[in-house]
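Shown next: protein-v3.pdb, given as PDB, C-alpha atoms.
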MODEL        1
ATOM      1  CA  MET D   1      -7.833  11.367  20.228
ATOM      2  CA  SER D   2     -11.607  11.431  20.392
ATOM      3  CA  SER D   3     -13.670  10.601  17.334
ATOM      4  CA  SER D   4     -15.730  13.756  17.883
ATOM      5  CA  SER D   5     -12.915  15.887  16.528
ATOM      6  CA  PHE D   6     -13.319  14.055  13.237
ATOM      7  CA  ASN D   7     -17.061  14.563  13.027
ATOM      8  CA  PRO D   8     -17.762  18.283  12.512
ATOM      9  CA  ARG D   9     -21.182  17.673  10.976
ATOM     10  CA  GLY D  10     -22.259  14.947  13.371
ATOM     11  CA  ALA D  11     -23.211  12.756  10.384
ATOM     12  CA  VAL D  12     -20.000  11.001   9.488
ATOM     13  CA  ASP D  13     -18.024   8.168  11.066
ATOM     14  CA  LEU D  14     -14.276   8.516  10.905
ATOM     15  CA  SER D  15     -13.512   6.551  14.031
ATOM     16  CA  GLN D  16     -10.923   4.522  12.142
ATOM     17  CA  LEU D  17      -8.967   7.666  11.413
ATOM     18  CA  ALA D  18      -9.221   8.727  15.018
ATOM     19  CA  GLU D  19      -7.983   5.336  16.175
ATOM     20  CA  GLN D  20      -4.932   5.598  13.921
ATOM     21  CA  ALA D  21      -4.122   8.964  15.436
ATOM     22  CA  LYS D  22      -4.490   7.429  18.902
ATOM     23  CA  GLN D  23      -2.045   4.710  17.961
ATOM     24  CA  ARG D  24       0.462   7.257  16.746
ATOM     25  CA  ALA D  25       0.154   9.236  19.952
ATOM     26  CA  SER D  26       0.563   6.150  22.149
ATOM     27  CA  GLY D  27       3.353   4.588  20.158
ATOM     28  CA  GLY D  28       1.148   1.612  19.339
ATOM     29  CA  ALA D  29       1.224   1.914  15.568
ATOM     30  CA  PRO D  30       3.503  -0.345  13.558
ATOM     31  CA  ARG D  31       6.944   1.008  12.837
ATOM     32  CA  PRO D  32       9.203   0.352   9.880
ATOM     33  CA  GLY D  33      12.076  -2.024  10.288
ATOM     34  CA  GLY D  34      12.276  -5.266  12.148
ATOM     35  CA  ALA D  35      14.348  -7.593  14.242
ATOM     36  CA  ALA D  36      18.086  -7.328  13.875
ATOM     37  CA  GLY D  37      19.762 -10.065  11.895
ATOM     38  CA  GLY D  38      16.779 -10.839   9.665
ATOM     39  CA  SER D  39      16.811 -11.194   5.891
ATOM     40  CA  TYR D  40      14.285 -10.320   3.192
ATOM     41  CA  VAL D  41      13.967 -13.839   1.786
ATOM     42  CA  VAL D  42      11.292 -16.302   2.872
ATOM     43  CA  GLU D  43      10.545 -19.856   1.784
ATOM     44  CA  VAL D  44       6.867 -20.386   0.904
ATOM     45  CA  SER D  45       4.643 -23.308  -0.016
ATOM     46  CA  GLU D  46       1.290 -23.858  -1.689
ATOM     47  CA  GLN D  47      -0.302 -23.664   1.752
ATOM     48  CA  THR D  48       1.353 -20.367   2.699
ATOM     49  CA  PHE D  49       1.366 -18.687  -0.720
ATOM     50  CA  GLU D  50      -1.748 -16.616  -0.024
ATOM     51  CA  ALA D  51      -0.585 -15.450   3.405
ATOM     52  CA  ASP D  52       3.097 -14.911   2.572
ATOM     53  CA  VAL D  53       2.842 -13.592  -0.997
ATOM     54  CA  ILE D  54      -0.585 -12.320  -2.042
ATOM     55  CA  ARG D  55      -1.624 -10.531   1.142
ATOM     56  CA  PRO D  56       1.670  -8.730   1.801
ATOM     57  CA  SER D  57       1.738  -7.533  -1.823
ATOM     58  CA  VAL D  58      -0.851  -4.864  -1.028
ATOM     59  CA  GLN D  59       1.697  -3.253   1.287
ATOM     60  CA  HIS D  60       4.947  -3.840  -0.604
ATOM     61  CA  PRO D  61       6.085  -5.710  -3.722
ATOM     62  CA  VAL D  62       6.830  -9.411  -3.416
ATOM     63  CA  VAL D  63       9.349 -11.042  -5.751
ATOM     64  CA  VAL D  64       8.569 -14.734  -6.251
ATOM     65  CA  GLU D  65      11.422 -17.023  -7.242
ATOM     66  CA  PHE D  66      10.093 -20.276  -8.684
ATOM     67  CA  TYR D  67      12.974 -22.734  -8.427
ATOM     68  CA  SER D  68      13.791 -26.432  -8.407
ATOM     69  CA  PRO D  69      16.607 -28.115  -6.468
ATOM     70  CA  ARG D  70      17.166 -30.162  -9.628
ATOM     71  CA  VAL D  71      18.493 -27.057 -11.425
ATOM     72  CA  SER D  72      21.951 -26.553  -9.986
ATOM     73  CA  THR D  73      22.584 -23.229 -11.741
ATOM     74  CA  GLY D  74      19.579 -21.742  -9.952
ATOM     75  CA  GLN D  75      21.635 -21.151  -6.802
ATOM     76  CA  GLN D  76      23.433 -18.301  -8.541
ATOM     77  CA  LEU D  77      20.127 -16.532  -9.110
ATOM     78  CA  SER D  78      19.002 -17.225  -5.534
ATOM     79  CA  ASP D  79      22.174 -15.603  -4.206
ATOM     80  CA  THR D  80      21.708 -12.610  -6.497
ATOM     81  CA  LEU D  81      18.099 -12.099  -5.402
ATOM     82  CA  ALA D  82      19.010 -12.415  -1.723
ATOM     83  CA  ALA D  83      21.815  -9.865  -2.068
ATOM     84  CA  ALA D  84      19.587  -7.443  -3.987
ATOM     85  CA  ALA D  85      16.824  -7.750  -1.385
ATOM     86  CA  ALA D  86      19.268  -7.075   1.439
ATOM     87  CA  GLU D  87      20.597  -4.028  -0.383
ATOM     88  CA  ALA D  88      17.053  -2.774  -1.036
ATOM     89  CA  GLY D  89      16.382  -2.888   2.692
ATOM     90  CA  GLY D  90      12.723  -3.837   2.575
ATOM     91  CA  LYS D  91      11.559  -2.273  -0.682
ATOM     92  CA  TYR D  92      10.391  -5.782  -1.518
ATOM     93  CA  LEU D  93      10.362  -9.295  -0.095
ATOM     94  CA  VAL D  94      11.734 -12.308  -1.997
ATOM     95  CA  ALA D  95       9.549 -15.411  -1.672
ATOM     96  CA  ARG D  96      11.087 -18.705  -2.853
ATOM     97  CA  LEU D  97       8.772 -21.490  -4.016
ATOM     98  CA  ASN D  98      10.026 -24.999  -4.838
ATOM     99  CA  VAL D  99       7.927 -25.961  -7.871
ATOM    100  CA  ASP D 100       8.620 -29.665  -7.292
ATOM    101  CA  ALA D 101       6.681 -29.379  -4.046
ATOM    102  CA  ALA D 102       4.032 -27.032  -5.454
ATOM    103  CA  PRO D 103       2.770 -28.604  -8.691
ATOM    104  CA  GLN D 104      -0.662 -26.998  -8.442
ATOM    105  CA  ILE D 105       0.655 -23.431  -8.428
ATOM    106  CA  ALA D 106       3.169 -24.227 -11.157
ATOM    107  CA  SER D 107       0.359 -25.645 -13.296
ATOM    108  CA  GLN D 108      -2.006 -22.743 -12.654
ATOM    109  CA  LEU D 109       0.644 -20.234 -13.702
ATOM    110  CA  GLY D 110       1.716 -22.255 -16.716
ATOM    111  CA  LEU D 111       5.387 -22.209 -15.756
ATOM    112  CA  GLN D 112       7.480 -23.504 -18.615
ATOM    113  CA  ALA D 113      10.938 -23.221 -17.109
ATOM    114  CA  VAL D 114      12.748 -22.770 -13.834
ATOM    115  CA  PRO D 115      14.008 -20.617 -12.448
ATOM    116  CA  THR D 116      11.254 -18.103 -13.219
ATOM    117  CA  VAL D 117      10.876 -14.814 -11.363
ATOM    118  CA  VAL D 118       7.661 -12.810 -11.151
ATOM    119  CA  GLY D 119       6.578  -9.823  -9.111
ATOM    120  CA  VAL D 120       3.345  -9.506  -7.171
ATOM    121  CA  VAL D 121       1.919  -6.013  -6.679
ATOM    122  CA  GLY D 122      -1.488  -5.465  -5.148
ATOM    123  CA  GLY D 123      -2.337  -9.126  -5.635
ATOM    124  CA  GLN D 124      -1.510  -8.991  -9.351
ATOM    125  CA  LEU D 125       1.284 -10.994 -10.980
ATOM    126  CA  VAL D 126       3.893  -9.027 -12.932
ATOM    127  CA  PRO D 127       6.120 -11.230 -15.151
ATOM    128  CA  LEU D 128       9.816 -10.385 -14.764
ATOM    129  CA  PHE D 129      12.174 -12.946 -16.336
ATOM    130  CA  GLN D 130      13.126 -16.596 -16.785
ATOM    131  CA  GLY D 131      16.491 -18.215 -16.363
ATOM    132  CA  VAL D 132      19.672 -17.092 -14.642
ATOM    133  CA  LEU D 133      20.537 -13.495 -15.524
ATOM    134  CA  PRO D 134      23.559 -11.360 -14.642
ATOM    135  CA  ALA D 135      23.220  -9.426 -11.398
ATOM    136  CA  ASP D 136      22.859  -6.036 -13.122
ATOM    137  CA  GLN D 137      19.940  -7.273 -15.245
ATOM    138  CA  VAL D 138      18.256  -8.798 -12.206
ATOM    139  CA  LYS D 139      18.560  -5.534 -10.281
ATOM    140  CA  ALA D 140      17.228  -3.553 -13.248
ATOM    141  CA  ALA D 141      14.137  -5.776 -13.383
ATOM    142  CA  LEU D 142      13.590  -5.407  -9.645
ATOM    143  CA  ASP D 143      13.977  -1.626  -9.858
ATOM    144  CA  GLN D 144      11.249  -1.538 -12.521
ATOM    145  CA  LEU D 145       8.975  -3.570 -10.256
ATOM    146  CA  VAL D 146       9.490  -1.140  -7.386
ATOM    147  CA  LYS D 147       8.714   1.805  -9.689
ATOM    148  CA  ALA D 148       5.502   0.095 -10.838
ATOM    149  CA  ALA D 149       4.495  -0.457  -7.216
ATOM    150  CA  VAL D 150       5.140   3.189  -6.312
ATOM    151  CA  ALA D 151       3.088   4.321  -9.315
ATOM    152  CA  ASN D 152       0.186   2.362  -7.841
ATOM    153  CA  GLY D 153       0.631   3.766  -4.350
ATOM    154  CA  ILE D 154       2.213   0.653  -2.826
ATOM    155  CA  VAL D 155       5.111   2.124  -0.900
ATOM    156  CA  GLY D 156       5.275   0.086   2.299
ATOM    157  CA  ARG D 157       8.379  -1.707   3.518
ATOM    158  CA  ALA D 158       8.782  -5.426   4.034
ATOM    159  CA  GLU D 159       9.730  -6.594   7.500
ATOM    160  CA  PRO D 160      12.898  -8.690   7.737
ATOM    161  CA  VAL D 161      12.295 -12.345   8.567
ATOM    162  CA  GLY D 162      14.272 -14.755  10.702
ATOM    163  CA  GLY D 163      15.474 -12.156  13.205
ATOM    164  CA  GLY D 164      15.643 -12.425  16.958
ATOM    165  CA  PRO D 165      12.631 -12.391  19.286
ATOM    166  CA  VAL D 166      10.733  -9.202  19.906
ATOM    167  CA  ASP D 167       9.958  -8.162  23.454
ATOM    168  CA  GLU D 168       6.193  -7.695  23.244
ATOM    169  CA  ASP D 169       5.986  -6.742  26.921
ATOM    170  CA  ALA D 170       8.170  -3.676  26.469
ATOM    171  CA  GLU D 171       6.132  -0.521  26.974
ATOM    172  CA  ALA D 172       5.842   1.568  23.815
ATOM    173  CA  GLU D 173       6.885   5.158  24.207
ATOM    174  CA  PRO D 174       4.706   7.901  22.681
ATOM    175  CA  ASP D 175       6.065   9.013  19.342
ATOM    176  CA  PRO D 176       6.770  12.743  19.639
ATOM    177  CA  ARG D 177       6.912  13.135  15.852
ATOM    178  CA  PHE D 178       3.136  13.277  15.601
ATOM    179  CA  ALA D 179       2.353  15.423  18.625
ATOM    180  CA  GLU D 180       1.798  18.679  16.729
ATOM    181  CA  ALA D 181      -0.130  17.067  13.870
ATOM    182  CA  ASP D 182      -2.434  15.136  16.171
ATOM    183  CA  ALA D 183      -3.025  18.220  18.299
ATOM    184  CA  ALA D 184      -4.102  20.098  15.161
ATOM    185  CA  LEU D 185      -6.462  17.267  14.196
ATOM    186  CA  GLU D 186      -7.869  17.274  17.717
ATOM    187  CA  ARG D 187      -8.847  20.932  17.440
ATOM    188  CA  GLY D 188     -10.135  20.546  13.884
ATOM    189  CA  ASP D 189      -7.374  22.569  12.228
ATOM    190  CA  PHE D 190      -6.874  20.266   9.263
ATOM    191  CA  ALA D 191      -4.692  22.667   7.279
ATOM    192  CA  ALA D 192      -2.270  22.913  10.195
ATOM    193  CA  ALA D 193      -2.269  19.127  10.513
ATOM    194  CA  GLU D 194      -1.394  18.753   6.820
ATOM    195  CA  ALA D 195       1.440  21.231   7.269
ATOM    196  CA  GLU D 196       2.835  19.239  10.202
ATOM    197  CA  PHE D 197       2.674  15.989   8.251
ATOM    198  CA  ASP D 198       4.397  17.739   5.347
ATOM    199  CA  LYS D 199       7.284  18.614   7.641
ATOM    200  CA  LEU D 200       7.651  14.966   8.588
ATOM    201  CA  LEU D 201       7.542  13.891   4.950
ATOM    202  CA  ALA D 202      10.144  16.473   3.998
ATOM    203  CA  ALA D 203      12.479  14.823   6.512
ATOM    204  CA  ASN D 204      11.505  11.280   5.494
ATOM    205  CA  PRO D 205       9.493  10.901   2.262
ATOM    206  CA  ALA D 206       9.040   7.164   2.958
ATOM    207  CA  ASP D 207       7.273   7.694   6.309
ATOM    208  CA  ALA D 208       4.103   5.636   5.763
ATOM    209  CA  GLU D 209       2.419   6.909   8.915
ATOM    210  CA  ALA D 210       2.968  10.526   7.942
ATOM    211  CA  LYS D 211       1.584   9.819   4.471
ATOM    212  CA  ALA D 212      -1.536   8.284   5.990
ATOM    213  CA  GLY D 213      -1.940  11.173   8.397
ATOM    214  CA  LYS D 214      -1.638  13.743   5.640
ATOM    215  CA  ALA D 215      -4.187  11.874   3.525
ATOM    216  CA  GLN D 216      -6.623  11.793   6.421
ATOM    217  CA  ALA D 217      -6.184  15.483   7.169
ATOM    218  CA  GLY D 218      -6.611  16.333   3.491
ATOM    219  CA  LEU D 219      -9.828  14.341   3.256
ATOM    220  CA  LEU D 220     -11.239  16.069   6.310
ATOM    221  CA  ALA D 221     -10.219  19.488   4.996
ATOM    222  CA  ARG D 222     -11.804  18.906   1.568
ATOM    223  CA  SER D 223     -15.051  17.556   2.959
ATOM    224  CA  ALA D 224     -15.502  20.148   5.711
ATOM    225  CA  ASN D 225     -17.166  22.757   3.488
ATOM    226  CA  VAL D 226     -19.314  20.678   1.154
ATOM    227  CA  THR D 227     -22.938  19.625   1.423
ATOM    228  CA  PRO D 228     -23.089  15.867   0.790
ATOM    229  CA  GLU D 229     -26.586  15.811  -0.682
ATOM    230  CA  VAL D 230     -25.783  18.567  -3.157
ATOM    231  CA  VAL D 231     -22.495  17.004  -4.248
ATOM    232  CA  LEU D 232     -23.930  13.530  -4.742
ATOM    233  CA  ALA D 233     -26.885  14.874  -6.704
ATOM    234  CA  ALA D 234     -24.563  16.852  -8.980
ATOM    235  CA  ALA D 235     -22.305  13.827  -9.488
ATOM    236  CA  ALA D 236     -25.270  11.774 -10.703
ATOM    237  CA  ALA D 237     -25.612  13.974 -13.792
ATOM    238  CA  PRO D 238     -24.214  12.341 -16.972
ATOM    239  CA  ASP D 239     -22.109  15.412 -17.763
ATOM    240  CA  ALA D 240     -20.824  16.010 -14.228
ATOM    241  CA  GLU D 241     -17.421  17.685 -14.120
ATOM    242  CA  LEU D 242     -14.416  15.820 -12.826
ATOM    243  CA  GLN D 243     -14.117  17.922  -9.670
ATOM    244  CA  VAL D 244     -17.681  17.042  -8.758
ATOM    245  CA  GLN D 245     -16.871  13.339  -9.049
ATOM    246  CA  LEU D 246     -13.787  13.794  -6.868
ATOM    247  CA  ASP D 247     -15.858  15.632  -4.252
ATOM    248  CA  ALA D 248     -18.497  12.904  -4.362
ATOM    249  CA  ALA D 249     -15.874  10.236  -3.691
ATOM    250  CA  ASP D 250     -14.653  12.223  -0.681
ATOM    251  CA  VAL D 251     -18.209  12.466   0.619
ATOM    252  CA  GLU D 252     -18.775   8.734   0.213
ATOM    253  CA  LEU D 253     -15.555   7.816   2.002
ATOM    254  CA  VAL D 254     -16.324  10.151   4.890
ATOM    255  CA  ALA D 255     -19.762   8.532   5.136
ATOM    256  CA  GLY D 256     -18.153   5.114   5.462
ATOM    257  CA  GLN D 257     -18.996   4.078   1.886
ATOM    258  CA  ALA D 258     -15.466   3.196   0.839
ATOM    259  CA  ASP D 259     -16.491   0.654  -1.803
ATOM    260  CA  GLU D 260     -18.715   3.227  -3.491
ATOM    261  CA  ALA D 261     -16.026   5.919  -3.359
ATOM    262  CA  PHE D 262     -13.383   3.660  -4.854
ATOM    263  CA  ALA D 263     -15.715   2.312  -7.538
ATOM    264  CA  ARG D 264     -16.675   5.853  -8.544
ATOM    265  CA  LEU D 265     -13.069   6.881  -9.116
ATOM    266  CA  ILE D 266     -12.113   3.671 -10.892
ATOM    267  CA  GLU D 267     -15.012   4.240 -13.279
ATOM    268  CA  GLN D 268     -13.697   7.762 -13.911
ATOM    269  CA  ILE D 269     -10.252   6.311 -14.671
ATOM    270  CA  LYS D 270     -11.844   4.095 -17.307
ATOM    271  CA  ARG D 271     -13.671   7.038 -18.884
ATOM    272  CA  ARG D 272     -10.982   9.699 -18.846
ATOM    273  CA  ALA D 273      -7.553  10.125 -20.400
ATOM    274  CA  GLY D 274      -4.391  12.176 -20.053
ATOM    275  CA  ASP D 275      -4.037  14.597 -17.165
ATOM    276  CA  GLU D 276      -7.587  14.041 -15.972
ATOM    277  CA  ARG D 277      -7.044  10.287 -15.725
ATOM    278  CA  ASP D 278      -3.856  10.824 -13.745
ATOM    279  CA  GLN D 279      -5.612  13.289 -11.456
ATOM    280  CA  VAL D 280      -8.233  10.678 -10.601
ATOM    281  CA  ARG D 281      -5.582   8.006 -10.043
ATOM    282  CA  LEU D 282      -3.689  10.206  -7.609
ATOM    283  CA  ARG D 283      -6.863  11.043  -5.687
ATOM    284  CA  LEU D 284      -7.745   7.354  -5.475
ATOM    285  CA  LEU D 285      -4.293   6.512  -4.117
ATOM    286  CA  ASP D 286      -4.712   9.319  -1.607
ATOM    287  CA  LEU D 287      -8.017   7.846  -0.416
ATOM    288  CA  PHE D 288      -6.381   4.426  -0.104
ATOM    289  CA  GLU D 289      -3.933   5.973   2.349
ATOM    290  CA  THR D 290      -6.737   7.078   4.674
ATOM    291  CA  LEU D 291      -7.772   3.486   5.377
ATOM    292  CA  GLY D 292      -4.443   1.725   4.945
ATOM    293  CA  ASN D 293      -3.334  -1.104   2.713
ATOM    294  CA  ALA D 294      -4.466  -3.777   5.163
ATOM    295  CA  ASP D 295      -8.115  -2.806   4.733
ATOM    296  CA  PRO D 296      -9.837  -5.447   2.542
ATOM    297  CA  ARG D 297     -11.780  -2.734   0.707
ATOM    298  CA  VAL D 298      -8.497  -1.117  -0.289
ATOM    299  CA  GLN D 299      -7.063  -4.459  -1.363
ATOM    300  CA  LYS D 300     -10.085  -5.123  -3.581
ATOM    301  CA  ALA D 301      -9.986  -1.628  -5.069
ATOM    302  CA  ARG D 302      -6.245  -1.901  -5.778
ATOM    303  CA  ARG D 303      -6.898  -5.015  -7.840
ATOM    304  CA  ASN D 304      -9.653  -3.199  -9.713
ATOM    305  CA  LEU D 305      -7.355  -0.231 -10.258
ATOM    306  CA  MET D 306      -4.639  -2.442 -11.709
ATOM    307  CA  ALA D 307      -7.187  -3.958 -14.095
ATOM    308  CA  ALA D 308      -8.431  -0.499 -15.135
ATOM    309  CA  LEU D 309      -4.919   0.810 -15.759
ATOM    310  CA  PHE D 310      -3.501  -2.207 -17.558
TER
ENDMDL
END

Have the structure of the file written as structure tokens, please.
Amino acid sequence: MSSSSFNPRGAVDLSQLAEQAKQRASGGAPRPGGAAGGSYVVEVSEQTFEADVIRPSVQHPVVVEFYSPRVSTGQQLSDTLAAAAAEAGGKYLVARLNVDAAPQIASQLGLQAVPTVVGVVGGQLVPLFQGVLPADQVKAALDQLVKAAVANGIVGRAEPVGGGPVDEDAEAEPDPRFAEADAALERGDFAAAEAEFDKLLAANPADAEAKAGKAQAGLLARSANVTPEVVLAAAAAPDAELQVQLDAADVELVAGQADEAFARLIEQIKRRAGDERDQVRLRLLDLFETLGNADPRVQKARRNLMAALF
């Protein structure tokens, strides 16, 4: 897909969105799932904690099990967590950290007992429980973590680890699911593109690619009939209405000013309450989808959003 179809005014740069559509059309975009035979439990260390826990948490929740081989009863909890993760099928990843080999992290977190289990969502720690709990209580805590992640727009799936090798030389087949939606984007019919993505989401509400595509089409549709200079000037007024601030954030994102767009909406979340606050939160999560959770600007804004909400 050419970037020109995303640039009706000739003044915006949405090449990233165009590239994502190209990947969908060519089959090059990541797909859910993973190698057969893998599990959803990984052993981590102080050296790999950032890469294996913090970074993935912007895409899906990570459950960290702080354990010690010296605590024999901890194996029961480890088995329970592994079974729950397998049953969840990628809703979260369990990361096991031996505190005896990671004294610095244990000290920084002020761990007072092992085993201790915490969640990590968007780079933020979410305390869960200490000690060995019955399986039903463990699952209830994990379910609450998943719900908290979904409320903050983190709905990706963890890839299984420890599976067989992947044939990277195999030619990817074009994904026919997105043919109609990408054709609509190509001709600038954003409403039709949204409708096509909606069909995909009706069949599979967890389809991350379809969610991203719908968010992109929605952004393009909303920004197609506004004048950026007028919107930004109106948003600068102290008493600017909420819709004006939402439009201004759209304009900034389309112009490549993602940090400014996200900061604007997070500030509105701090200032507003009730339905208006929730409306801003949902729009912000929608804008996150247009760039993807791997984008460092999204990761930073997610942390700021968590701080503003809690």

*Which residues fall under the PyMOL selection byres ((chain D and resi 310) around 12) in this file, as a ChimeraX atom specification?*
/D:124-126,148,152,269-270,303-309

Give me, as JSON lines, the closest atom pair and its distance (Å, one decimal) for every residue of range 70-148 of chain D within a cut-off of 6 Å of range 54-57 of chain D, counting all atoms listed in the file, rows sorted by chain and rising number.
{"residue": "D:Val120", "atom": "CA", "partner": "D:Ser57", "partner_atom": "CA", "distance": 5.9}
{"residue": "D:Val121", "atom": "CA", "partner": "D:Ser57", "partner_atom": "CA", "distance": 5.1}
{"residue": "D:Gly122", "atom": "CA", "partner": "D:Ser57", "partner_atom": "CA", "distance": 5.1}
{"residue": "D:Gly123", "atom": "CA", "partner": "D:Ile54", "partner_atom": "CA", "distance": 5.1}

_Please determine, counting only C-alpha atoms, which residue among D:Ala236, D:Leu265, D:Val71, D:Val280 has the shortest atom-to-atom distance to Leu253 in chain D._
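Of the candidates, the smallest distance to Leu253 in chain D is held by D:Leu265.
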
*Using only C-alpha atoms, which of the listed residues (D:Pro160, D:Leu242, D:Pro176, D:Ala215) sits closest to Ala195 in chain D?*
D:Ala215

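Residues lying within 9 Å of range 295-297 of chain D, counting all atoms listed in the file and ignoring same-chain neighbours fewer than 6 positions away, are D:Ala258, D:Asp259, D:Phe262, D:Phe288.
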
_Explicit residue set for the PyMOL selection byres ((chain D and resi 156) around 10), as a list in words_ =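 Evaluating the PyMOL selection byres ((chain D and resi 156) around 10) on this file yields Pro32, Pro56, Ser57, Val58, Gln59, His60, Pro61, Gly90, Lys91, Tyr92, Ala149, Val150, Gly153, Ile154, Val155, Arg157, Ala158, Glu159, Ala206, Asp207, Ala208, Glu209 and Asn293 of chain D.
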
*Which residue of D:Glu289, D:Glu65, D:Asp247, D:Asp198 approaches Leu81 in chain D most closely, using all atoms listed in the file*: D:Glu65

*Show which residues sit within 6 Å of Val94 in chain D, as a ChimeraX atom specification. Count only C-alpha atoms, and ignore same-chain residues fewer than 3 positions away.*
/D:41,62-64

_Nearest candidate to Gly213 in chain D (options D:Val231, D:Val244, D:Ala82, D:Ala181; using all atoms listed in the file)_ = D:Ala181

Expanded to explicit residues, what is the PyMOL selection byres ((chain D and resi 243) around 12) for this file, as an mmCIF file with C-alpha atoms, in the frame of the given file?
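Written out: part.cif:
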data_model
loop_
_atom_site.group_PDB
_atom_site.id
_atom_site.type_symbol
_atom_site.label_atom_id
_atom_site.label_comp_id
_atom_site.auth_asym_id
_atom_site.auth_seq_id
_atom_site.Cartn_x
_atom_site.Cartn_y
_atom_site.Cartn_z
ATOM 1 C CA ARG D 222 -11.804 18.906 1.568
ATOM 2 C CA VAL D 231 -22.495 17.004 -4.248
ATOM 3 C CA LEU D 232 -23.930 13.530 -4.742
ATOM 4 C CA ALA D 234 -24.563 16.852 -8.980
ATOM 5 C CA ALA D 235 -22.305 13.827 -9.488
ATOM 6 C CA ASP D 239 -22.109 15.412 -17.763
ATOM 7 C CA ALA D 240 -20.824 16.010 -14.228
ATOM 8 C CA GLU D 241 -17.421 17.685 -14.120
ATOM 9 C CA LEU D 242 -14.416 15.820 -12.826
ATOM 10 C CA VAL D 244 -17.681 17.042 -8.758
ATOM 11 C CA GLN D 245 -16.871 13.339 -9.049
ATOM 12 C CA LEU D 246 -13.787 13.794 -6.868
ATOM 13 C CA ASP D 247 -15.858 15.632 -4.252
ATOM 14 C CA ALA D 248 -18.497 12.904 -4.362
ATOM 15 C CA ALA D 249 -15.874 10.236 -3.691
ATOM 16 C CA ASP D 250 -14.653 12.223 -0.681
ATOM 17 C CA LEU D 265 -13.069 6.881 -9.116
ATOM 18 C CA GLN D 268 -13.697 7.762 -13.911
ATOM 19 C CA GLU D 276 -7.587 14.041 -15.972
ATOM 20 C CA GLN D 279 -5.612 13.289 -11.456
ATOM 21 C CA VAL D 280 -8.233 10.678 -10.601
ATOM 22 C CA ARG D 283 -6.863 11.043 -5.687
#

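Remark: for Glu46 in chain D, the closest of the candidate residues D:Ala106, D:Ala86, D:Leu185, D:Ala217 is D:Ala106 (distances computed over only C-alpha atoms).
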
_Nearest-residue call for Leu219 in chain D, choices D:Leu287, D:Glu260, D:Gly274, D:Glu186, using all atoms listed in the file_ = D:Leu287

Which residues come within 12 Å of Pro103 in chain D, counting all atoms listed in the file, excluding same-chain residues fewer than 3 positions away, as a PDB file with C-alpha atoms, keeping the file's coordinate frame?
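Heads up, here's the output in out.pdb:
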ATOM      1  CA  SER D  45       4.643 -23.308  -0.016  1.00  0.00           C
ATOM      2  CA  GLU D  46       1.290 -23.858  -1.689  1.00  0.00           C
ATOM      3  CA  GLN D  47      -0.302 -23.664   1.752  1.00  0.00           C
ATOM      4  CA  PHE D  66      10.093 -20.276  -8.684  1.00  0.00           C
ATOM      5  CA  TYR D  67      12.974 -22.734  -8.427  1.00  0.00           C
ATOM      6  CA  SER D  68      13.791 -26.432  -8.407  1.00  0.00           C
ATOM      7  CA  LEU D  97       8.772 -21.490  -4.016  1.00  0.00           C
ATOM      8  CA  ASN D  98      10.026 -24.999  -4.838  1.00  0.00           C
ATOM      9  CA  VAL D  99       7.927 -25.961  -7.871  1.00  0.00           C
ATOM     10  CA  ASP D 100       8.620 -29.665  -7.292  1.00  0.00           C
ATOM     11  CA  ALA D 106       3.169 -24.227 -11.157  1.00  0.00           C
ATOM     12  CA  SER D 107       0.359 -25.645 -13.296  1.00  0.00           C
ATOM     13  CA  GLN D 108      -2.006 -22.743 -12.654  1.00  0.00           C
ATOM     14  CA  LEU D 109       0.644 -20.234 -13.702  1.00  0.00           C
ATOM     15  CA  GLY D 110       1.716 -22.255 -16.716  1.00  0.00           C
ATOM     16  CA  LEU D 111       5.387 -22.209 -15.756  1.00  0.00           C
TER      17      LEU D 111
END

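Separating CA of Ala88 in chain D from CA of Val53 in chain D is a distance of 17.9 Å.
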
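With CA of Ala191 in chain D on one side and CA of Ala179 in chain D on the other, the separation reads 15.2 Å.
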
*Could you check how far CA of Val138 in chain D sits from CA of Val161 in chain D, in Å to one decimal?*
21.9 Å
